[in-house]
Amino acid sequence: MTEQEKKTLFSLTPAELANVLALKRGTDYWVKTIYQKLYHSGEFPSAALELRPDVARRLKNYEISWPQIKSLLRAPDGTVKWLIAYNDGAMVELVLMSYDKRHTVCVSTQCGCAMGCTFCATGKMGFKRHLNAGEIVMEVLIARQELAKKGAALTNVVFMGMGEPLANYEEVMRAAAIISSDIGLAIAPRHITISTAGLPAGIYRMAQEKAGYQLAVSLHSAIDSVREKLMPIAKTHNLESLLAACREYNSLTKRRVFFEYAVMAGINDSPKDIEALAAFIHRLNGHVNLLSWNKVDEVPFKSADTKRLLAIQAELEKRGVRALIRESRGAEIAAACGQLYAAAEQKQ
Ligand code: SF4
């Protein structure tokens with residue numbers, strides 16, 4: 001195996017690491033020791049983990065190699081955004097957002113995205129490649145290290161950056177298992193949110209596996225014809241099929257689904273749109289997160305202001321639907337996913 005073909009050590013769940021080690025005695029001890037060095041040393045672990053020679057030999061096909069930070073931007077509201085590049089040059093973005101005691105990192109799961117949502121900068125890039133679990137875990141570690149400098153701890157992880165998480169199901173779930181493992185990053189499953197543009201097969205699988213992660217569906221319209229214009233995936237999976245999958249998730253996991261609704265002025269904010277949204281949510285008792293769409297260059301849509309969001313929230317409440325307004329973060333540093341990448345590509 002060449003250096004290029006080595007896998008990152010961060011891609012192994014505790015069970016997988018135990019399989020790779022398969023020592024006659026002390027496997028559990030070494031799994032804990034290696035996890036301790038990887039996730040609890042308080043610093044970025046270096047390539048030299050100082051392991052017993054026979055243990056190190058068993059890990060010869062794995063490596064620790066950190067992505068390069070291509071840009072690092074800090075917004076006045078405390079939001080931090082990175083553009084990072086892995087060994088093969090694939091670049092992704094991650095964003096750290098802080099609200100009082102809650103510190104959330106939003107990670108990418110693919111370089112680019114095949115979903116082609118018309119309002120999204122990443123959608124315009126097309127799909128480049130999936131990230132492996134270790135590459136996703138390293139994004140979380142980068143954010144955690146930034147917080148550690150301020151004496152703060154990471155509390156939440158959302159898989160909502162570049163890419164469609166459920167199109168990279170295995171690696172996303174492997175990363176979530178490492179992040180939530182008691183001996184790993186120990187972030188409780190209920191503080192981990194996995195988003196989707198609406199892939200029913202992945203939602204059914206999540207429902208069956210009952211790992212305890214939150215599910216967030218990017219809805220953006222509860223009218224098929226409008227949603228199809230915003231999200232091409234809606235032509236293959238309409239709202240009825242999405243609803244059926246979400247109901248199954250709801251019933252098997254006993255968790256409510258979060259529906260993200262980015263309000264775009266004149267596109268999805270008419271009284272008819274809001275009425276359809278309320279009717280959709282009533283059919284499965286989900287949560288609505290209203291957010292203002294972050295402007296993307298070359299996309300002719302307009303963001304909605306806070307006044308409009310508050311009016312929509314009131315309209316929904318009148319119809320018995322509780323909606324939270326999610327504050328838009330880091331607008332000054334182009335926090336919508338894919339925008340930093342697009343700027344870097346233009347410079348090249
Ligand atoms: S919004 Fe999400 S799913 Fe849609 S293109 Fe952008 S990254 Fe992909």
# chains A, B, ... in the order shown; residues from 1 in each chain; ligands from 1
>>> closest_atom_pairs(of="chain A", to="ligand 1", cutoff="6 Å", atoms="only C-alpha atoms and all ligand atoms", output="Markdown table")
| residue | atom | partner | partner_atom_place_in_ligand_line | distance |
| --- | --- | --- | --- | --- |
| A:Cys113 | CA | ligand 1 | 8 (Fe) | 4.6 |
| A:Met115 | CA | ligand 1 | 5 (S) | 4.6 |
| A:Gly116 | CA | ligand 1 | 5 (S) | 4.4 |
| A:Cys117 | CA | ligand 1 | 5 (S) | 4.2 |
| A:Cys120 | CA | ligand 1 | 6 (Fe) | 4.7 |
| A:Thr122 | CA | ligand 1 | 6 (Fe) | 4.9 |
| A:Gly123 | CA | ligand 1 | 5 (S) | 3.4 |
| A:Met162 | CA | ligand 1 | 7 (S) | 4.4 |
| A:Gly163 | CA | ligand 1 | 7 (S) | 4.2 |
| A:Glu164 | CA | ligand 1 | 3 (S) | 4.7 |
| A:Ala197 | CA | ligand 1 | 3 (S) | 4.9 |
>>> write_last_selection(atoms="N, CA, C and O atoms", output="PDB file, in the first residue's frame")
ATOM      1  N   CYS A 113     -21.755  18.508  -4.627  1.00  0.00           N
ATOM      2  CA  CYS A 113     -23.032  17.843  -4.339  1.00  0.00           C
ATOM      3  C   CYS A 113     -23.756  17.599  -5.663  1.00  0.00           C
ATOM      4  O   CYS A 113     -23.734  18.442  -6.553  1.00  0.00           O
ATOM      5  N   MET A 115     -26.979  17.105  -5.916  1.00  0.00           N
ATOM      6  CA  MET A 115     -28.414  17.396  -5.821  1.00  0.00           C
ATOM      7  C   MET A 115     -28.848  18.615  -6.649  1.00  0.00           C
ATOM      8  O   MET A 115     -30.003  18.734  -7.025  1.00  0.00           O
ATOM      9  N   GLY A 116     -27.904  19.524  -6.876  1.00  0.00           N
ATOM     10  CA  GLY A 116     -28.177  20.654  -7.777  1.00  0.00           C
ATOM     11  C   GLY A 116     -29.279  21.604  -7.357  1.00  0.00           C
ATOM     12  O   GLY A 116     -29.968  22.179  -8.222  1.00  0.00           O
ATOM     13  N   CYS A 117     -29.468  21.798  -6.053  1.00  0.00           N
ATOM     14  CA  CYS A 117     -30.508  22.745  -5.601  1.00  0.00           C
ATOM     15  C   CYS A 117     -30.197  24.132  -6.203  1.00  0.00           C
ATOM     16  O   CYS A 117     -29.048  24.577  -6.158  1.00  0.00           O
ATOM     17  N   CYS A 120     -28.385  27.071  -4.131  1.00  0.00           N
ATOM     18  CA  CYS A 120     -27.226  26.704  -3.324  1.00  0.00           C
ATOM     19  C   CYS A 120     -25.913  26.790  -4.122  1.00  0.00           C
ATOM     20  O   CYS A 120     -25.840  26.286  -5.251  1.00  0.00           O
ATOM     21  N   THR A 122     -23.095  25.278  -3.452  1.00  0.00           N
ATOM     22  CA  THR A 122     -22.484  23.950  -3.617  1.00  0.00           C
ATOM     23  C   THR A 122     -23.156  23.196  -4.761  1.00  0.00           C
ATOM     24  O   THR A 122     -22.503  22.491  -5.526  1.00  0.00           O
ATOM     25  N   GLY A 123     -24.477  23.368  -4.864  1.00  0.00           N
ATOM     26  CA  GLY A 123     -25.219  22.695  -5.933  1.00  0.00           C
ATOM     27  C   GLY A 123     -24.687  23.082  -7.311  1.00  0.00           C
ATOM     28  O   GLY A 123     -24.710  22.295  -8.248  1.00  0.00           O
ATOM     29  N   MET A 162     -21.464  21.075   2.919  1.00  0.00           N
ATOM     30  CA  MET A 162     -21.501  20.691   1.504  1.00  0.00           C
ATOM     31  C   MET A 162     -21.866  19.218   1.369  1.00  0.00           C
ATOM     32  O   MET A 162     -21.343  18.368   2.088  1.00  0.00           O
ATOM     33  N   GLY A 163     -22.751  18.927   0.433  1.00  0.00           N
ATOM     34  CA  GLY A 163     -23.074  17.528   0.138  1.00  0.00           C
ATOM     35  C   GLY A 163     -24.407  17.079   0.708  1.00  0.00           C
ATOM     36  O   GLY A 163     -25.005  17.751   1.559  1.00  0.00           O
ATOM     37  N   GLU A 164     -24.860  15.938   0.216  1.00  0.00           N
ATOM     38  CA  GLU A 164     -26.099  15.322   0.705  1.00  0.00           C
ATOM     39  C   GLU A 164     -25.694  14.145   1.606  1.00  0.00           C
ATOM     40  O   GLU A 164     -25.225  13.102   1.111  1.00  0.00           O
ATOM     41  N   ALA A 197     -31.743  16.421   1.737  1.00  0.00           N
ATOM     42  CA  ALA A 197     -32.596  17.166   0.808  1.00  0.00           C
ATOM     43  C   ALA A 197     -33.894  16.395   0.589  1.00  0.00           C
ATOM     44  O   ALA A 197     -34.822  16.911  -0.027  1.00  0.00           O
TER      45      ALA A 197
END
>>> atom_distance(atom1="CA of Leu310 in chain A", atom2="CA of Ala323 in chain A")
9.8 Å
>>> closest_atom_pairs(of="range 174-284 of chain A", to="range 144-156 of chain A", cutoff="8 Å", atoms="only C-alpha atoms", output="JSON lines")
{"residue": "A:Ile187", "atom": "CA", "partner": "A:Thr155", "partner_atom": "CA", "distance": 6.7}
{"residue": "A:His191", "atom": "CA", "partner": "A:Asn156", "partner_atom": "CA", "distance": 5.0}
{"residue": "A:Ile192", "atom": "CA", "partner": "A:Asn156", "partner_atom": "CA", "distance": 5.9}
>>> closest_atom_pairs(of="range 63-178 of chain A", to="range 42-52 of chain A", cutoff="9 Å", atoms="only C-alpha atoms", output="tab-separated table")
residue	atom	partner	partner_atom	distance
A:Glu63	CA	A:Ala47	CA	6.7
A:Ile64	CA	A:Ala47	CA	5.0
A:Ser65	CA	A:Ala47	CA	7.0
A:Trp66	CA	A:Phe44	CA	8.7
A:Leu141	CA	A:Phe44	CA	7.8
A:Ile142	CA	A:Phe44	CA	8.3
A:Gln145	CA	A:Glu43	CA	7.1
A:Ala148	CA	A:Gly42	CA	8.0
>>> write_last_selection(atoms="N, CA, C and O atoms", output="PDB file, in the first residue's frame")
ATOM      1  N   GLU A  63      -3.057   6.171   8.699  1.00  0.00           N
ATOM      2  CA  GLU A  63      -2.168   7.315   8.934  1.00  0.00           C
ATOM      3  C   GLU A  63      -2.937   8.457   9.589  1.00  0.00           C
ATOM      4  O   GLU A  63      -4.171   8.448   9.635  1.00  0.00           O
ATOM      5  N   ILE A  64      -2.149   9.412  10.103  1.00  0.00           N
ATOM      6  CA  ILE A  64      -2.754  10.668  10.571  1.00  0.00           C
ATOM      7  C   ILE A  64      -2.170  11.767   9.706  1.00  0.00           C
ATOM      8  O   ILE A  64      -0.962  11.986   9.718  1.00  0.00           O
ATOM      9  N   SER A  65      -3.008  12.377   8.922  1.00  0.00           N
ATOM     10  CA  SER A  65      -2.514  13.450   8.068  1.00  0.00           C
ATOM     11  C   SER A  65      -3.608  14.506   8.006  1.00  0.00           C
ATOM     12  O   SER A  65      -4.744  14.220   7.617  1.00  0.00           O
ATOM     13  N   TRP A  66      -3.277  15.695   8.473  1.00  0.00           N
ATOM     14  CA  TRP A  66      -4.305  16.736   8.620  1.00  0.00           C
ATOM     15  C   TRP A  66      -4.547  17.483   7.325  1.00  0.00           C
ATOM     16  O   TRP A  66      -3.626  17.692   6.544  1.00  0.00           O
ATOM     17  N   LEU A 141     -12.891  17.839  14.656  1.00  0.00           N
ATOM     18  CA  LEU A 141     -11.735  18.085  15.534  1.00  0.00           C
ATOM     19  C   LEU A 141     -11.161  19.489  15.325  1.00  0.00           C
ATOM     20  O   LEU A 141     -10.716  20.131  16.277  1.00  0.00           O
ATOM     21  N   ILE A 142     -11.191  19.966  14.092  1.00  0.00           N
ATOM     22  CA  ILE A 142     -10.690  21.324  13.807  1.00  0.00           C
ATOM     23  C   ILE A 142     -11.542  22.346  14.575  1.00  0.00           C
ATOM     24  O   ILE A 142     -11.017  23.263  15.216  1.00  0.00           O
ATOM     25  N   GLN A 145     -10.922  22.127  18.377  1.00  0.00           N
ATOM     26  CA  GLN A 145      -9.648  22.744  18.767  1.00  0.00           C
ATOM     27  C   GLN A 145      -9.775  24.261  18.854  1.00  0.00           C
ATOM     28  O   GLN A 145      -9.230  24.886  19.755  1.00  0.00           O
ATOM     29  N   ALA A 148     -11.484  25.021  22.058  1.00  0.00           N
ATOM     30  CA  ALA A 148     -10.635  24.733  23.222  1.00  0.00           C
ATOM     31  C   ALA A 148      -9.742  25.924  23.549  1.00  0.00           C
ATOM     32  O   ALA A 148      -9.469  26.212  24.714  1.00  0.00           O
TER      33      ALA A 148
END
>>> residues_around(residues="range 5-11 of chain A", least_positions_apart="2", cutoff="8 Å", atoms="only C-alpha atoms", output="list in words")
Met1, Thr2, Glu3, Thr13, Leu38, Asn61, Tyr62, Glu63, Ile64, Ser65, Asn132, Ala133, Gly134, Glu135, Val137, Met138, Arg174 and Ala175 of chain A
>>> closest_residue(among="A:Glu248, A:Val158, A:Pro67, A:Ile178", to="Leu17 in chain A", atoms="only C-alpha atoms")
A:Ile178
>>> residues_around(residues="Thr193 in chain A", least_positions_apart="5", cutoff="10 Å", atoms="only C-alpha atoms", output="number ranges by chain")
A: 106, 156-160, 176, 212-216, 258
>>> write_last_selection(atoms="N, CA, C and O atoms", output="CSV table (one decimal), in the first residue's frame")
chain,number,residue,atom,x,y,z
A,106,CYS,N,-21.0,22.8,11.8
A,106,CYS,CA,-21.7,22.3,10.6
A,106,CYS,C,-20.6,21.7,9.6
A,106,CYS,O,-19.8,22.4,9.2
A,156,ASN,N,-22.7,20.5,19.8
A,156,ASN,CA,-23.5,19.9,18.8
A,156,ASN,C,-22.8,19.8,17.4
A,156,ASN,O,-21.9,20.6,17.1
A,157,VAL,N,-23.2,18.8,16.7
A,157,VAL,CA,-22.6,18.6,15.3
A,157,VAL,C,-23.8,18.5,14.4
A,157,VAL,O,-24.8,17.7,14.6
A,158,VAL,N,-23.8,19.2,13.3
A,158,VAL,CA,-24.8,19.1,12.3
A,158,VAL,C,-24.2,18.7,11.0
A,158,VAL,O,-23.2,19.4,10.6
A,159,PHE,N,-24.7,17.7,10.3
A,159,PHE,CA,-24.2,17.3,9.0
A,159,PHE,C,-25.1,18.1,8.0
A,159,PHE,O,-26.0,17.6,7.4
A,160,MET,N,-24.7,19.3,7.8
A,160,MET,CA,-25.5,20.2,6.9
A,160,MET,C,-24.7,21.1,6.0
A,160,MET,O,-25.1,22.1,5.5
A,176,ALA,N,-20.6,9.6,12.5
A,176,ALA,CA,-21.5,9.9,13.7
A,176,ALA,C,-21.2,8.9,14.8
A,176,ALA,O,-21.3,9.3,16.0
A,212,GLY,N,-30.5,7.2,17.1
A,212,GLY,CA,-30.8,8.3,18.0
A,212,GLY,C,-30.4,9.6,17.5
A,212,GLY,O,-30.5,10.6,18.2
A,213,TYR,N,-29.9,9.7,16.2
A,213,TYR,CA,-29.5,11.1,15.7
A,213,TYR,C,-30.8,11.8,15.3
A,213,TYR,O,-31.8,11.2,15.0
A,214,GLN,N,-30.7,13.1,15.3
A,214,GLN,CA,-31.9,13.9,14.9
A,214,GLN,C,-31.9,14.0,13.3
A,214,GLN,O,-30.8,14.0,12.7
A,215,LEU,N,-33.1,14.0,12.8
A,215,LEU,CA,-33.2,14.1,11.3
A,215,LEU,C,-33.7,15.5,11.0
A,215,LEU,O,-34.7,15.9,11.5
A,216,ALA,N,-33.0,16.2,10.0
A,216,ALA,CA,-33.5,17.5,9.5
A,216,ALA,C,-33.7,17.3,8.0
A,216,ALA,O,-32.8,16.9,7.3
A,258,PHE,N,-37.2,17.5,12.0
A,258,PHE,CA,-37.1,19.0,11.9
A,258,PHE,C,-37.2,19.3,10.4
A,258,PHE,O,-36.5,18.6,9.6
>>> closest_residue(among="A:Ala167, A:Met91, A:Leu252, A:Ala114", to="Gln208 in chain A", atoms="only C-alpha atoms")
A:Leu252
>>> select_by_dssp(residues="range 210-311 of chain A", states="helix (DSSP H, G or I)", output="VMD selection string")
chain A and resid 224 to 230 233 to 236 239 to 253 271 to 282 306 to 311
>>> select_by_dssp(residues="range 207-305 of chain A", states="strand (DSSP E or B)", output="PyMOL selection string")
chain A and resi 214-218+258-265+287-292+302-303
>>> closest_residue(among="A:Ala75, A:Ala22, A:Cys111, A:Ala265", to="Lys295 in chain A", atoms="only C-alpha atoms")
A:Ala265
>>> residues_around(residues="Gly78 in chain A", least_positions_apart="3", cutoff="7 Å", atoms="only C-alpha atoms", output="NGL selection string")
:A and (74-75 or 97-98)
>>> closest_residue(among="A:Thr109, A:Ser303, A:Asn285, A:Asn250", to="Gly161 in chain A", atoms="only C-alpha atoms")
A:Thr109
